[in-house]
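Student: Let me give you the structure first, and then I'll get to my questions.
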Amino acid sequence: PETKVRRGPMVGRHVVVTSGPTHEPIDPVRYIANRSSGAQGTAIAAALRDLGARVSFVTGPASVAPPDGVDVIRVETARQMRDAVDAALPADVAVMAAAVADWRVTNALERKIKKDGSGKPPALEMSENPDILAWVSGLNKRRPTLVVGFAAETNDVIENATAKRKRKGCDWIVANDVSPSTGIMGGTENAVTLIGPDSAEEWPRMSKEAVARRLAEAIAEALA
Ligand code: CTP
Ligand code: CA
């Protein structure tokens, strides 16, 4: 049930959070996805709710349940996610924590693809999905005051994330190392660096909930 009485520094603020993976269909029974559990995005939505914000939580098919007390908008594909974010605006803040599939299959079929006996796999044609973070960052009148992206990298994390922040035009980027050896993808902890226009703050490894609380506090402070 929705909490009626809100308290905290984010009361009166609307935040859009994207979370989880997207699924891009190949045929009715198969899809392309990624290893995102949705844990970090879910924790961020909960932390912003706890500071009093009204939260529109746009989530792909995540393996963790969405938080209580937020508006949950469930989507499958990147294009549905973009449309849901569009419909949720205007907002004071956008936090794009989703692991959006970079490509979709353009020759997806309405019927299950069958083996044809030749031993040859079907050829999947793919095209690039819309970049939701770059699109939100580039809005004029409807641009949220603060746009926060994530940069999941496996190498040259700070360098890649700094370039990504500039390229996408967001205000902050939360950089994290998702190399398999870190156990972050699908795990309970995260180790991030918060990168702004002229600063980079390395946070110690902590639970995804603790990262979320600290990020929510930083967001509240930036808006104050
Ligand atoms: N993102 C998005 N829409 C996309 C791809 C990414 O909104 N189609 C957002 C993610 O939610 C994240 C940020 O952009 O906040 C960075 O995602 P990432 O996958 O690290 O960046 P990409 O630009 O897709 O670059 P890469 O080639 O490294 O995957
Ligand atoms: Ca990507």
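Letters A, B, ... mark the chains of the structure tokens in the order given; residue numbers begin at 1 per chain; ligand numbers begin at 1, in order shown.
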Taking 6 positions as the minimum chain separation for residues in the same chain, which residues sit within 12 Å of A:Asp156 when counting only C-alpha atoms? Answer as an mmCIF file with N, CA and C atoms, in the first residue's frame.

Tutor:
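Output below, filename around-v3.cif:
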data_model
loop_
_atom_site.group_PDB
_atom_site.id
_atom_site.type_symbol
_atom_site.label_atom_id
_atom_site.label_comp_id
_atom_site.auth_asym_id
_atom_site.auth_seq_id
_atom_site.Cartn_x
_atom_site.Cartn_y
_atom_site.Cartn_z
ATOM 1 N N THR A 162 33.993 8.247 -17.776
ATOM 2 C CA THR A 162 34.119 9.698 -17.968
ATOM 3 C C THR A 162 33.749 10.059 -19.405
ATOM 4 N N ALA A 163 34.234 9.287 -20.344
ATOM 5 C CA ALA A 163 33.901 9.517 -21.758
ATOM 6 C C ALA A 163 32.405 9.305 -21.984
ATOM 7 N N LYS A 164 31.849 8.307 -21.319
ATOM 8 C CA LYS A 164 30.423 7.986 -21.458
ATOM 9 C C LYS A 164 29.555 9.126 -20.929
ATOM 10 N N ALA A 175 29.960 4.878 -12.019
ATOM 11 C CA ALA A 175 30.788 3.906 -12.727
ATOM 12 C C ALA A 175 30.995 2.672 -11.866
ATOM 13 N N ASN A 176 30.834 1.518 -12.465
ATOM 14 C CA ASN A 176 31.200 0.314 -11.720
ATOM 15 C C ASN A 176 31.866 -0.730 -12.593
ATOM 16 N N ASP A 177 32.711 -1.496 -11.932
ATOM 17 C CA ASP A 177 33.470 -2.550 -12.578
ATOM 18 C C ASP A 177 32.652 -3.835 -12.490
ATOM 19 N N VAL A 178 32.175 -4.299 -13.626
ATOM 20 C CA VAL A 178 31.329 -5.496 -13.629
ATOM 21 C C VAL A 178 32.067 -6.723 -14.166
ATOM 22 N N SER A 179 33.405 -6.709 -14.088
ATOM 23 C CA SER A 179 34.154 -7.910 -14.477
ATOM 24 C C SER A 179 33.642 -9.090 -13.676
#

Student: Could you pull out the residues in stretch 26-223 of chain A that DSSP calls alpha helix (DSSP H) from the backbone, as a ChimeraX atom specification?

Tutor: /A:39-50,78-88,132-137,157-168,208-223

Student: Show me, as a ChimeraX atom specification, the residues that have an atom within 10 Å of A:Gly8 when counting only C-alpha atoms, minus same-chain residues fewer than 2 positions from it.

Tutor: /A:6,10-12,48-53,220

Student: Keeping only N, CA and C atoms, write the selected residues to a file as a PDB file, in the first residue's frame.

Tutor:
ATOM      1  N   ARG A   6       4.360  11.575   3.487  1.00  0.00           N
ATOM      2  CA  ARG A   6       5.768  11.505   3.128  1.00  0.00           C
ATOM      3  C   ARG A   6       6.563  12.532   3.917  1.00  0.00           C
ATOM      4  N   MET A  10      13.151  14.912  -0.128  1.00  0.00           N
ATOM      5  CA  MET A  10      12.682  14.738  -1.515  1.00  0.00           C
ATOM      6  C   MET A  10      11.158  14.844  -1.633  1.00  0.00           C
ATOM      7  N   VAL A  11      10.501  15.272  -0.575  1.00  0.00           N
ATOM      8  CA  VAL A  11       9.043  15.465  -0.658  1.00  0.00           C
ATOM      9  C   VAL A  11       8.732  16.507  -1.730  1.00  0.00           C
ATOM     10  N   GLY A  12       7.758  16.193  -2.580  1.00  0.00           N
ATOM     11  CA  GLY A  12       7.376  17.113  -3.651  1.00  0.00           C
ATOM     12  C   GLY A  12       8.187  16.913  -4.923  1.00  0.00           C
ATOM     13  N   LEU A  48      15.145   6.544  -2.618  1.00  0.00           N
ATOM     14  CA  LEU A  48      14.551   7.842  -2.973  1.00  0.00           C
ATOM     15  C   LEU A  48      13.148   7.962  -2.384  1.00  0.00           C
ATOM     16  N   ARG A  49      12.408   6.868  -2.406  1.00  0.00           N
ATOM     17  CA  ARG A  49      11.097   6.825  -1.745  1.00  0.00           C
ATOM     18  C   ARG A  49      11.252   7.145  -0.262  1.00  0.00           C
ATOM     19  N   ASP A  50      12.262   6.576   0.362  1.00  0.00           N
ATOM     20  CA  ASP A  50      12.482   6.792   1.800  1.00  0.00           C
ATOM     21  C   ASP A  50      12.816   8.244   2.117  1.00  0.00           C
ATOM     22  N   LEU A  51      13.330   8.973   1.124  1.00  0.00           N
ATOM     23  CA  LEU A  51      13.605  10.404   1.335  1.00  0.00           C
ATOM     24  C   LEU A  51      12.393  11.259   0.963  1.00  0.00           C
ATOM     25  N   GLY A  52      11.291  10.612   0.621  1.00  0.00           N
ATOM     26  CA  GLY A  52      10.040  11.341   0.392  1.00  0.00           C
ATOM     27  C   GLY A  52       9.659  11.546  -1.055  1.00  0.00           C
ATOM     28  N   ALA A  53      10.499  11.094  -1.996  1.00  0.00           N
ATOM     29  CA  ALA A  53      10.213  11.330  -3.413  1.00  0.00           C
ATOM     30  C   ALA A  53       9.039  10.485  -3.893  1.00  0.00           C
ATOM     31  N   ALA A 220      19.472  14.362  -3.213  1.00  0.00           N
ATOM     32  CA  ALA A 220      18.686  15.310  -2.412  1.00  0.00           C
ATOM     33  C   ALA A 220      19.489  16.582  -2.163  1.00  0.00           C
TER      34      ALA A 220
END

Student: Find, counting only C-alpha atoms, the residue in A:Ala84, A:Ala191, A:Leu223, A:Ile73 that gets nearest to A:Val174.

Tutor: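 With only C-alpha atoms as the atom set, the closest residue is A:Ala191.
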
Student: Using only C-alpha atoms and all ligand atoms for the distances, tell me which of A:Pro197, A:Gly117, A:Pro130, A:Pro25 is nearest to ligand 1.

Tutor: A:Pro130

Student: For A:Val70, list every protein, DNA or RNA residue within 12 Å, evaluated using only C-alpha atoms, and leave out those in the same chain fewer than 3 positions away; present the list as a short mmCIF file (atom, residue, chain, number, x, y, z; two decimals) with N, CA and C atoms, in the first residue's frame.

Tutor:
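Everything below was put into result-v2.cif:
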data_model
loop_
_atom_site.label_atom_id
_atom_site.label_comp_id
_atom_site.auth_asym_id
_atom_site.auth_seq_id
_atom_site.Cartn_x
_atom_site.Cartn_y
_atom_site.Cartn_z
N PRO A 1 0.82 -1.21 0.00
CA PRO A 1 0.00 0.00 0.00
C PRO A 1 0.85 1.26 0.00
N GLU A 2 0.38 2.23 -0.72
CA GLU A 2 1.10 3.50 -0.86
C GLU A 2 1.15 4.24 0.47
N THR A 3 2.33 4.71 0.82
CA THR A 3 2.45 5.52 2.04
C THR A 3 1.85 6.89 1.78
N LYS A 4 0.95 7.31 2.61
CA LYS A 4 0.23 8.57 2.35
C LYS A 4 1.02 9.78 2.84
N HIS A 14 9.60 14.46 -8.06
CA HIS A 14 9.28 13.27 -8.83
C HIS A 14 10.55 12.73 -9.46
N VAL A 15 10.79 11.45 -9.29
CA VAL A 15 11.99 10.81 -9.82
C VAL A 15 11.59 9.64 -10.72
N VAL A 16 12.22 9.53 -11.88
CA VAL A 16 12.05 8.35 -12.73
C VAL A 16 13.30 7.49 -12.60
N VAL A 17 13.09 6.22 -12.27
CA VAL A 17 14.21 5.29 -12.16
C VAL A 17 13.98 4.15 -13.16
N THR A 42 16.46 -1.19 -8.00
CA THR A 42 15.40 -1.37 -7.01
C THR A 42 15.77 -0.69 -5.69
N ALA A 43 17.01 -0.85 -5.27
CA ALA A 43 17.48 -0.23 -4.03
C ALA A 43 17.47 1.29 -4.15
N ILE A 44 17.80 1.81 -5.32
CA ILE A 44 17.80 3.27 -5.53
C ILE A 44 16.38 3.81 -5.45
N ALA A 45 15.45 3.12 -6.07
CA ALA A 45 14.05 3.56 -6.02
C ALA A 45 13.56 3.57 -4.57
N ALA A 46 13.90 2.54 -3.81
CA ALA A 46 13.48 2.46 -2.41
C ALA A 46 14.11 3.58 -1.58
N ALA A 47 15.38 3.86 -1.85
CA ALA A 47 16.08 4.90 -1.07
C ALA A 47 15.50 6.28 -1.36
N LEU A 48 15.14 6.54 -2.62
CA LEU A 48 14.55 7.84 -2.97
C LEU A 48 13.15 7.96 -2.38
N ARG A 49 12.41 6.87 -2.41
CA ARG A 49 11.10 6.83 -1.74
C ARG A 49 11.25 7.15 -0.26
N ASP A 50 12.26 6.58 0.36
CA ASP A 50 12.48 6.79 1.80
C ASP A 50 12.82 8.24 2.12
N GLY A 52 11.29 10.61 0.62
CA GLY A 52 10.04 11.34 0.39
C GLY A 52 9.66 11.55 -1.05
N ALA A 53 10.50 11.09 -2.00
CA ALA A 53 10.21 11.33 -3.41
C ALA A 53 9.04 10.49 -3.89
N ARG A 54 8.35 11.00 -4.91
CA ARG A 54 7.41 10.18 -5.67
C ARG A 54 8.24 9.52 -6.77
N VAL A 55 8.18 8.20 -6.85
CA VAL A 55 9.07 7.47 -7.75
C VAL A 55 8.28 6.72 -8.82
N SER A 56 8.61 6.98 -10.09
CA SER A 56 8.12 6.16 -11.20
C SER A 56 9.23 5.16 -11.51
N PHE A 57 8.92 3.89 -11.28
CA PHE A 57 9.92 2.83 -11.39
C PHE A 57 9.65 2.02 -12.66
N VAL A 58 10.47 2.28 -13.68
CA VAL A 58 10.28 1.62 -14.98
C VAL A 58 11.23 0.43 -15.03
N THR A 59 10.66 -0.77 -14.97
CA THR A 59 11.52 -1.94 -14.81
C THR A 59 11.33 -2.98 -15.90
N ALA A 65 12.02 -8.31 -6.68
CA ALA A 65 10.70 -7.67 -6.68
C ALA A 65 10.85 -6.16 -6.60
N PRO A 66 9.95 -5.41 -7.24
CA PRO A 66 10.01 -3.95 -7.12
C PRO A 66 9.67 -3.51 -5.71
N PRO A 67 10.15 -2.33 -5.30
CA PRO A 67 9.86 -1.87 -3.94
C PRO A 67 8.39 -1.49 -3.77
N ILE A 73 6.11 0.47 -13.40
CA ILE A 73 5.74 0.36 -14.81
C ILE A 73 6.61 -0.76 -15.39
#

Student: Taking only C-alpha atoms and all ligand atoms and a cut-off of 10 Å, can you tell me which residues surround ligand 2, written as a tab-separated table (two decimals) with C-alpha atoms, in the first residue's frame?

Tutor:
chain	number	residue	atom	x	y	z
A	34	ASN	CA	21.76	-9.70	-19.97
A	98	ALA	CA	18.65	-0.32	-16.29
A	99	ALA	CA	20.94	-2.60	-18.25
A	100	VAL	CA	19.29	-1.84	-21.56
A	101	ALA	CA	19.99	-4.35	-24.33
A	102	ASP	CA	22.09	-2.51	-26.89
A	103	TRP	CA	20.62	-4.37	-29.84
A	129	ASN	CA	18.25	0.20	-29.62
A	131	ASP	CA	19.73	5.19	-26.04
A	150	PHE	CA	25.40	4.19	-14.87
A	151	ALA	CA	28.47	2.90	-16.64
A	152	ALA	CA	29.00	-0.81	-16.34
A	153	GLU	CA	32.52	-1.48	-17.50

Student: Quick one: distance from atom 27 (O, counted along the ligand's line) of ligand 1 to atom CA of A:Gly169 in Å, one decimal?

Tutor: 15.3 Å

Student: Rank A:Gly41, A:Gly149, A:Pro9, A:Gly60 by their smallest atom-to-atom distance to ligand 1, using only C-alpha atoms and all ligand atoms, and report the top residue only.

Tutor: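 Residue with the minimum atom-to-atom distance to ligand 1: A:Gly149.
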
Student: Neighbouring residues of A:Gly38 were defined as those with any atom within 7 Å, considering only C-alpha atoms; residues of the same chain fewer than 5 positions away were excluded. Please report them as a PyMOL selection string.

Tutor: chain A and resi 19-21+62-64

Student: Take the residues from that selection and write them out as a PDB file, in the first residue's frame, keeping C-alpha atoms.

Tutor:
ATOM      1  CA  SER A  19      15.971  -0.755 -13.625  1.00  0.00           C
ATOM      2  CA  GLY A  20      16.638  -4.348 -14.587  1.00  0.00           C
ATOM      3  CA  PRO A  21      17.473  -5.888 -17.935  1.00  0.00           C
ATOM      4  CA  ALA A  62      14.112  -8.206 -13.128  1.00  0.00           C
ATOM      5  CA  SER A  63      14.744 -11.095 -10.770  1.00  0.00           C
ATOM      6  CA  VAL A  64      14.143  -9.019  -7.623  1.00  0.00           C
TER       7      VAL A  64
END

Student: Please provide as an MDAnalysis selection string all residues within 8 Å of A:Trp172, with the sequence filter that same-chain residues fewer than 3 positions apart are discarded (counting only C-alpha atoms).

Tutor: chainID A and resid 146:149 165 194:197
